[in-house]
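Raw protein_2.csv, CSV, N, CA and C atoms:
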chain,number,residue,atom,x,y,z
A,1,MET,N,-4.2,10.4,-3.5
A,1,MET,CA,-3.6,9.1,-3.4
A,1,MET,C,-3.4,8.7,-2.0
A,2,LEU,N,-3.1,9.6,-1.1
A,2,LEU,CA,-2.9,9.3,0.3
A,2,LEU,C,-4.2,8.8,0.9
A,3,ASP,N,-5.3,9.4,0.6
A,3,ASP,CA,-6.6,8.9,1.1
A,3,ASP,C,-6.9,7.5,0.5
A,4,THR,N,-6.5,7.3,-0.8
A,4,THR,CA,-6.8,6.0,-1.5
A,4,THR,C,-6.0,4.9,-0.8
A,5,VAL,N,-4.7,5.1,-0.6
A,5,VAL,CA,-3.9,4.0,0.0
A,5,VAL,C,-4.3,3.7,1.4
A,6,LYS,N,-4.7,4.7,2.2
A,6,LYS,CA,-5.2,4.5,3.5
A,6,LYS,C,-6.5,3.8,3.5
A,7,ALA,N,-7.4,4.1,2.6
A,7,ALA,CA,-8.7,3.4,2.5
A,7,ALA,C,-8.5,2.0,2.1
A,8,ALA,N,-7.4,1.7,1.4
A,8,ALA,CA,-7.1,0.3,1.0
A,8,ALA,C,-6.4,-0.4,2.1
A,9,ASN,N,-6.3,0.1,3.3
A,9,ASN,CA,-5.7,-0.5,4.5
A,9,ASN,C,-4.2,-0.7,4.4
A,10,CYS,N,-3.5,0.2,3.7
A,10,CYS,CA,-2.1,0.1,3.7
A,10,CYS,C,-1.6,0.5,5.1
A,11,GLU,N,-0.8,-0.2,5.7
A,11,GLU,CA,-0.4,0.0,7.1
A,11,GLU,C,0.6,1.2,7.3
A,12,LYS,N,1.5,1.3,6.4
A,12,LYS,CA,2.5,2.3,6.5
A,12,LYS,C,2.6,3.1,5.2
A,13,VAL,N,2.6,4.5,5.3
A,13,VAL,CA,2.6,5.3,4.1
A,13,VAL,C,3.8,6.2,4.2
A,14,VAL,N,4.6,6.1,3.2
A,14,VAL,CA,5.8,7.0,3.1
A,14,VAL,C,5.6,7.8,1.8
A,15,VAL,N,5.7,9.1,2.0
A,15,VAL,CA,5.6,10.1,0.9
A,15,VAL,C,7.0,10.5,0.5
A,16,ILE,N,7.4,10.4,-0.7
A,16,ILE,CA,8.7,10.9,-1.2
A,16,ILE,C,8.6,12.3,-1.5
A,17,VAL,N,9.4,13.2,-1.0
A,17,VAL,CA,9.3,14.6,-1.2
A,17,VAL,C,10.6,15.1,-1.8
A,18,GLY,N,10.6,16.1,-2.6
A,18,GLY,CA,11.7,16.7,-3.3
A,18,GLY,C,11.5,18.2,-3.4
A,19,HIS,N,11.4,18.6,-4.6
A,19,HIS,CA,11.1,20.0,-4.9
A,19,HIS,C,9.8,20.4,-4.2
A,20,GLY,N,9.8,21.5,-3.4
A,20,GLY,CA,8.6,21.9,-2.7
A,20,GLY,C,8.3,21.0,-1.5
A,21,ALA,N,9.3,20.3,-1.0
A,21,ALA,CA,9.1,19.4,0.1
A,21,ALA,C,8.4,20.0,1.3
A,22,GLU,N,8.8,21.2,1.7
A,22,GLU,CA,8.2,21.8,2.9
A,22,GLU,C,6.7,22.1,2.7
A,23,LYS,N,6.3,22.5,1.5
A,23,LYS,CA,4.9,22.8,1.2
A,23,LYS,C,4.1,21.5,1.3
A,24,VAL,N,4.7,20.4,0.7
A,24,VAL,CA,4.0,19.1,0.8
A,24,VAL,C,3.8,18.6,2.2
A,25,LYS,N,4.9,18.7,3.0
A,25,LYS,CA,4.8,18.3,4.4
A,25,LYS,C,3.8,19.2,5.2
A,26,ALA,N,3.8,20.5,4.9
A,26,ALA,CA,2.9,21.4,5.6
A,26,ALA,C,1.4,21.0,5.2
A,27,TYR,N,1.2,20.6,4.0
A,27,TYR,CA,-0.2,20.3,3.6
A,27,TYR,C,-0.6,18.9,4.1
A,28,LEU,N,0.3,17.9,4.1
A,28,LEU,CA,-0.1,16.6,4.5
A,28,LEU,C,0.0,16.4,6.0
A,29,GLY,N,0.9,17.2,6.7
A,29,GLY,CA,1.1,17.1,8.1
A,29,GLY,C,1.6,15.7,8.5
A,30,ASP,N,1.0,15.1,9.6
A,30,ASP,CA,1.5,13.9,10.1
A,30,ASP,C,0.7,12.7,9.5
A,31,ALA,N,0.1,12.9,8.3
A,31,ALA,CA,-0.7,11.8,7.7
A,31,ALA,C,0.2,10.7,7.1
A,32,ALA,N,1.5,11.0,7.0
A,32,ALA,CA,2.5,10.1,6.4
A,32,ALA,C,3.9,10.3,7.0
A,33,GLU,N,4.8,9.4,6.7
A,33,GLU,CA,6.2,9.6,7.0
A,33,GLU,C,6.8,10.1,5.7
A,34,TYR,N,7.9,10.8,5.8
A,34,TYR,CA,8.5,11.4,4.6
A,34,TYR,C,9.9,11.0,4.4
A,35,ALA,N,10.3,10.8,3.1
A,35,ALA,CA,11.7,10.5,2.7
A,35,ALA,C,12.0,11.6,1.7
A,36,LEU,N,13.2,12.1,1.8
A,36,LEU,CA,13.6,13.2,0.9
A,36,LEU,C,14.4,12.6,-0.3
A,37,GLN,N,14.0,13.0,-1.4
A,37,GLN,CA,14.7,12.7,-2.7
A,37,GLN,C,15.4,14.1,-3.1
A,38,GLY,N,16.6,14.3,-2.6
A,38,GLY,CA,17.2,15.6,-2.8
A,38,GLY,C,17.5,15.9,-4.2
A,39,GLU,N,17.8,14.9,-5.0
A,39,GLU,CA,18.0,15.1,-6.4
A,39,GLU,C,17.1,14.2,-7.2
A,40,GLN,N,16.2,14.8,-8.0
A,40,GLN,CA,15.2,14.0,-8.7
A,40,GLN,C,15.8,13.2,-9.8
A,41,LEU,N,16.0,11.9,-9.6
A,41,LEU,CA,16.6,11.0,-10.6
A,41,LEU,C,15.7,9.9,-11.0
A,42,GLY,N,14.4,10.1,-10.9
A,42,GLY,CA,13.4,9.2,-11.4
A,42,GLY,C,12.7,8.4,-10.3
A,43,THR,N,11.6,7.7,-10.7
A,43,THR,CA,10.8,7.0,-9.8
A,43,THR,C,11.5,5.9,-9.0
A,44,GLY,N,12.4,5.1,-9.7
A,44,GLY,CA,13.1,4.1,-9.0
A,44,GLY,C,14.0,4.7,-7.9
A,45,HIS,N,14.7,5.8,-8.2
A,45,HIS,CA,15.5,6.4,-7.3
A,45,HIS,C,14.7,7.0,-6.1
A,46,ALA,N,13.5,7.5,-6.4
A,46,ALA,CA,12.6,8.0,-5.4
A,46,ALA,C,12.2,6.8,-4.4
A,47,VAL,N,11.9,5.7,-4.9
A,47,VAL,CA,11.5,4.5,-4.1
A,47,VAL,C,12.7,4.1,-3.2
A,48,LEU,N,13.9,4.2,-3.7
A,48,LEU,CA,15.1,3.9,-2.9
A,48,LEU,C,15.2,4.8,-1.7
A,49,GLN,N,14.7,6.0,-1.8
A,49,GLN,CA,14.8,6.9,-0.7
A,49,GLN,C,14.0,6.5,0.5
A,50,ALA,N,13.0,5.7,0.3
A,50,ALA,CA,12.1,5.2,1.4
A,50,ALA,C,12.6,3.9,2.0
A,51,LYS,N,13.7,3.4,1.5
A,51,LYS,CA,14.3,2.1,2.0
A,51,LYS,C,14.5,2.1,3.5
A,52,GLU,N,15.1,3.1,4.1
A,52,GLU,CA,15.3,3.1,5.5
A,52,GLU,C,14.0,3.2,6.3
A,53,LEU,N,13.0,3.9,5.9
A,53,LEU,CA,11.8,4.0,6.6
A,53,LEU,C,11.0,2.7,6.5
A,54,ILE,N,11.1,2.0,5.4
A,54,ILE,CA,10.4,0.7,5.2
A,54,ILE,C,11.1,-0.4,6.0
A,55,GLY,N,12.4,-0.4,6.0
A,55,GLY,CA,13.2,-1.3,6.8
A,55,GLY,C,12.9,-2.8,6.5
A,56,ASP,N,12.7,-3.5,7.5
A,56,ASP,CA,12.5,-5.0,7.3
A,56,ASP,C,11.1,-5.4,7.4
A,57,ILE,N,10.2,-4.5,7.1
A,57,ILE,CA,8.8,-4.8,7.2
A,57,ILE,C,8.5,-5.9,6.2
A,58,ASP,N,7.7,-6.9,6.7
A,58,ASP,CA,7.4,-8.0,5.8
A,58,ASP,C,6.1,-7.7,5.1
A,59,GLY,N,6.0,-7.9,3.8
A,59,GLY,CA,4.7,-7.7,3.1
A,59,GLY,C,5.0,-7.1,1.8
A,60,THR,N,3.9,-6.6,1.2
A,60,THR,CA,4.0,-6.1,-0.2
A,60,THR,C,4.1,-4.6,-0.1
A,61,THR,N,5.0,-4.0,-0.9
A,61,THR,CA,5.1,-2.6,-1.1
A,61,THR,C,4.4,-2.1,-2.3
A,62,ILE,N,3.6,-1.1,-2.2
A,62,ILE,CA,2.9,-0.5,-3.3
A,62,ILE,C,3.6,0.9,-3.6
A,63,VAL,N,3.8,1.1,-4.8
A,63,VAL,CA,4.4,2.4,-5.3
A,63,VAL,C,3.3,3.1,-6.1
A,64,VAL,N,2.9,4.2,-5.7
A,64,VAL,CA,1.9,5.0,-6.5
A,64,VAL,C,2.4,6.4,-6.7
A,65,CYS,N,1.9,7.0,-7.7
A,65,CYS,CA,2.3,8.4,-8.0
A,65,CYS,C,1.2,9.3,-7.4
A,66,GLY,N,1.7,10.4,-6.9
A,66,GLY,CA,0.8,11.3,-6.2
A,66,GLY,C,-0.2,12.0,-7.2
A,67,ASP,N,0.1,12.0,-8.5
A,67,ASP,CA,-0.7,12.7,-9.4
A,67,ASP,C,-1.7,11.8,-10.2
A,68,THR,N,-2.1,10.7,-9.5
A,68,THR,CA,-3.1,9.8,-10.1
A,68,THR,C,-4.3,9.7,-9.2
A,69,PRO,N,-5.0,10.8,-9.1
A,69,PRO,CA,-6.1,10.9,-8.1
A,69,PRO,C,-7.4,10.1,-8.4
A,70,LEU,N,-7.5,9.6,-9.6
A,70,LEU,CA,-8.7,8.9,-10.0
A,70,LEU,C,-8.6,7.4,-9.7
A,71,VAL,N,-7.6,6.9,-9.1
A,71,VAL,CA,-7.5,5.5,-8.7
A,71,VAL,C,-8.3,5.3,-7.5
A,72,ARG,N,-9.1,4.3,-7.5
A,72,ARG,CA,-10.0,4.0,-6.3
A,72,ARG,C,-9.3,3.0,-5.4
A,73,ALA,N,-9.7,3.1,-4.1
A,73,ALA,CA,-9.1,2.1,-3.1
A,73,ALA,C,-9.5,0.7,-3.5
A,74,SER,N,-10.7,0.5,-4.1
A,74,SER,CA,-11.1,-0.8,-4.5
A,74,SER,C,-10.2,-1.4,-5.6
A,75,THR,N,-9.7,-0.5,-6.4
A,75,THR,CA,-8.7,-0.9,-7.5
A,75,THR,C,-7.4,-1.3,-6.9
A,76,VAL,N,-6.9,-0.6,-5.9
A,76,VAL,CA,-5.7,-0.9,-5.2
A,76,VAL,C,-5.9,-2.3,-4.5
A,77,GLU,N,-7.0,-2.4,-3.8
A,77,GLU,CA,-7.2,-3.7,-3.1
A,77,GLU,C,-7.3,-4.9,-4.1
A,78,ALA,N,-8.0,-4.7,-5.2
A,78,ALA,CA,-8.1,-5.8,-6.2
A,78,ALA,C,-6.7,-6.1,-6.8
A,79,MET,N,-5.9,-5.1,-7.0
A,79,MET,CA,-4.5,-5.3,-7.5
A,79,MET,C,-3.7,-6.1,-6.5
A,80,LEU,N,-3.8,-5.7,-5.3
A,80,LEU,CA,-3.0,-6.4,-4.2
A,80,LEU,C,-3.4,-7.8,-4.1
A,81,LYS,N,-4.7,-8.1,-4.1
A,81,LYS,CA,-5.2,-9.4,-4.1
A,81,LYS,C,-4.7,-10.3,-5.2
A,82,LEU,N,-4.8,-9.7,-6.4
A,82,LEU,CA,-4.3,-10.4,-7.6
A,82,LEU,C,-2.8,-10.7,-7.4
A,83,HIS,N,-2.1,-9.7,-7.0
A,83,HIS,CA,-0.6,-9.8,-6.8
A,83,HIS,C,-0.3,-10.9,-5.8
A,84,GLU,N,-0.9,-10.9,-4.7
A,84,GLU,CA,-0.6,-11.9,-3.7
A,84,GLU,C,-1.1,-13.3,-4.1
A,85,GLU,N,-2.2,-13.4,-4.7
A,85,GLU,CA,-2.7,-14.8,-5.1
A,85,GLU,C,-1.9,-15.4,-6.2
A,86,SER,N,-1.3,-14.5,-7.1
A,86,SER,CA,-0.5,-15.0,-8.2
A,86,SER,C,0.9,-15.4,-7.8
A,87,GLY,N,1.4,-14.8,-6.7
A,87,GLY,CA,2.8,-15.0,-6.3
A,87,GLY,C,3.7,-14.3,-7.2
A,88,ALA,N,3.3,-13.3,-7.9
A,88,ALA,CA,4.1,-12.5,-8.8
A,88,ALA,C,5.2,-11.8,-8.1
A,89,ALA,N,6.3,-11.5,-8.7
A,89,ALA,CA,7.4,-10.7,-8.2
A,89,ALA,C,7.0,-9.3,-8.2
A,90,ALA,N,6.2,-8.9,-9.2
A,90,ALA,CA,5.8,-7.5,-9.3
A,90,ALA,C,4.5,-7.5,-10.1
A,91,THR,N,3.7,-6.5,-9.8
A,91,THR,CA,2.4,-6.3,-10.5
A,91,THR,C,2.3,-4.8,-10.9
A,92,VAL,N,1.9,-4.5,-12.1
A,92,VAL,CA,1.8,-3.2,-12.6
A,92,VAL,C,0.4,-2.9,-13.0
A,93,LEU,N,-0.1,-1.8,-12.5
A,93,LEU,CA,-1.4,-1.3,-12.9
A,93,LEU,C,-1.3,-0.2,-14.0
A,94,THR,N,-2.0,-0.4,-15.0
A,94,THR,CA,-1.9,0.6,-16.1
A,94,THR,C,-3.3,0.9,-16.6
A,95,ALA,N,-3.4,1.9,-17.5
A,95,ALA,CA,-4.7,2.2,-18.1
A,95,ALA,C,-4.5,2.6,-19.6
A,96,SER,N,-5.6,2.5,-20.3
A,96,SER,CA,-5.5,2.8,-21.7
A,96,SER,C,-6.7,3.8,-21.9
A,97,PHE,N,-6.4,4.9,-22.5
A,97,PHE,CA,-7.4,6.0,-22.8
A,97,PHE,C,-7.6,6.2,-24.3
A,98,ALA,N,-8.8,6.3,-24.7
A,98,ALA,CA,-9.1,6.6,-26.1
A,98,ALA,C,-8.5,7.9,-26.4
A,99,ASP,N,-8.6,8.9,-25.5
A,99,ASP,CA,-8.1,10.2,-25.7
A,99,ASP,C,-7.3,10.6,-24.5
A,100,PRO,N,-6.0,10.4,-24.4
A,100,PRO,CA,-5.2,10.7,-23.2
A,100,PRO,C,-4.9,12.2,-23.0
A,101,ALA,N,-5.4,13.0,-23.9
A,101,ALA,CA,-5.1,14.5,-23.7
A,101,ALA,C,-5.6,14.9,-22.4
A,102,GLY,N,-4.8,15.7,-21.7
A,102,GLY,CA,-5.2,16.2,-20.4
A,102,GLY,C,-4.8,15.3,-19.2
A,103,TYR,N,-4.4,14.1,-19.5
A,103,TYR,CA,-4.0,13.2,-18.4
A,103,TYR,C,-2.7,13.7,-17.8

As structure tokens, what does this structure read like?
Amino acid sequence: MLDTVKAANCEKVVVIVGHGAEKVKAYLGDAAEYALQGEQLGTGHAVLQAKELIGDIDGTTIVVCGDTPLVRASTVEAMLKLHEESGAAATVLTASFADPAGY
């Protein structure tokens, strides 16, 4: 996902780390900034941990899960375009699988 959001021209990338944080940081190196979620209280809570790093940046914030490697940069770009053109407060990308086993 890190490669995907960078290919989609996202200017700032913040990775939320928690359990195994040092291994994630060692693997990704300086490819992103890091925010620590000391206690895992869900995705919304994880996003809050990035608040200080995001600060007053003007623009759209994308929240992606690191375990969705099949999302293409073109999909992220199309979603962003749709989001911005529609003036929506939030846009959610989802998928439907005939057989979701193994996802």

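Counting only N, CA and C atoms and comparing A:Leu41, A:Gly55, A:Gln49, A:Val64, the residue that lies closest to Met1 (chain A) is A:Val64.
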
Inset, instruction - Fewer than 5 positions away in the same chain doesn't count, so skip those; otherwise give me all residues within 6 Å of region 2-16 of chain A, counting only N, CA and C atoms, as a PyMOL selection string. - result: chain A and resi 32-37+72-73+77

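These are the residues of chain A assigned strand (DSSP E) by DSSP from backbone coordinates: A:Val14, A:Val15, A:Ile16, A:Val17, A:Glu33, A:Tyr34, A:Ala35, A:Leu36.
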
Legend entry - Interatomic distance, CA of Ala31 (chain A) to CA of Leu70 (chain A) (Å, one decimal):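 A separation of 19.6 Å between them.
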
Legend entry - Pick from A:Gly38, A:His83, A:Ala78, A:Val47 nearest to Thr60 (chain A), counting only C-alpha atoms: A:His83

Inset, instruction - Between atom C of Asp30 (chain A) and CA of Gly66 (chain A), measure the distance and give it in Å to one decimal. - result: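 Computing the Euclidean distance for atom C of Asp30 (chain A) and CA of Gly66 (chain A) yields 15.8 Å.
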
Inset, instruction - Rounded to one decimal place, report the CA of His19 (chain A)-CA of Tyr103 (chain A) distance in Å. - result: 21.4 Å
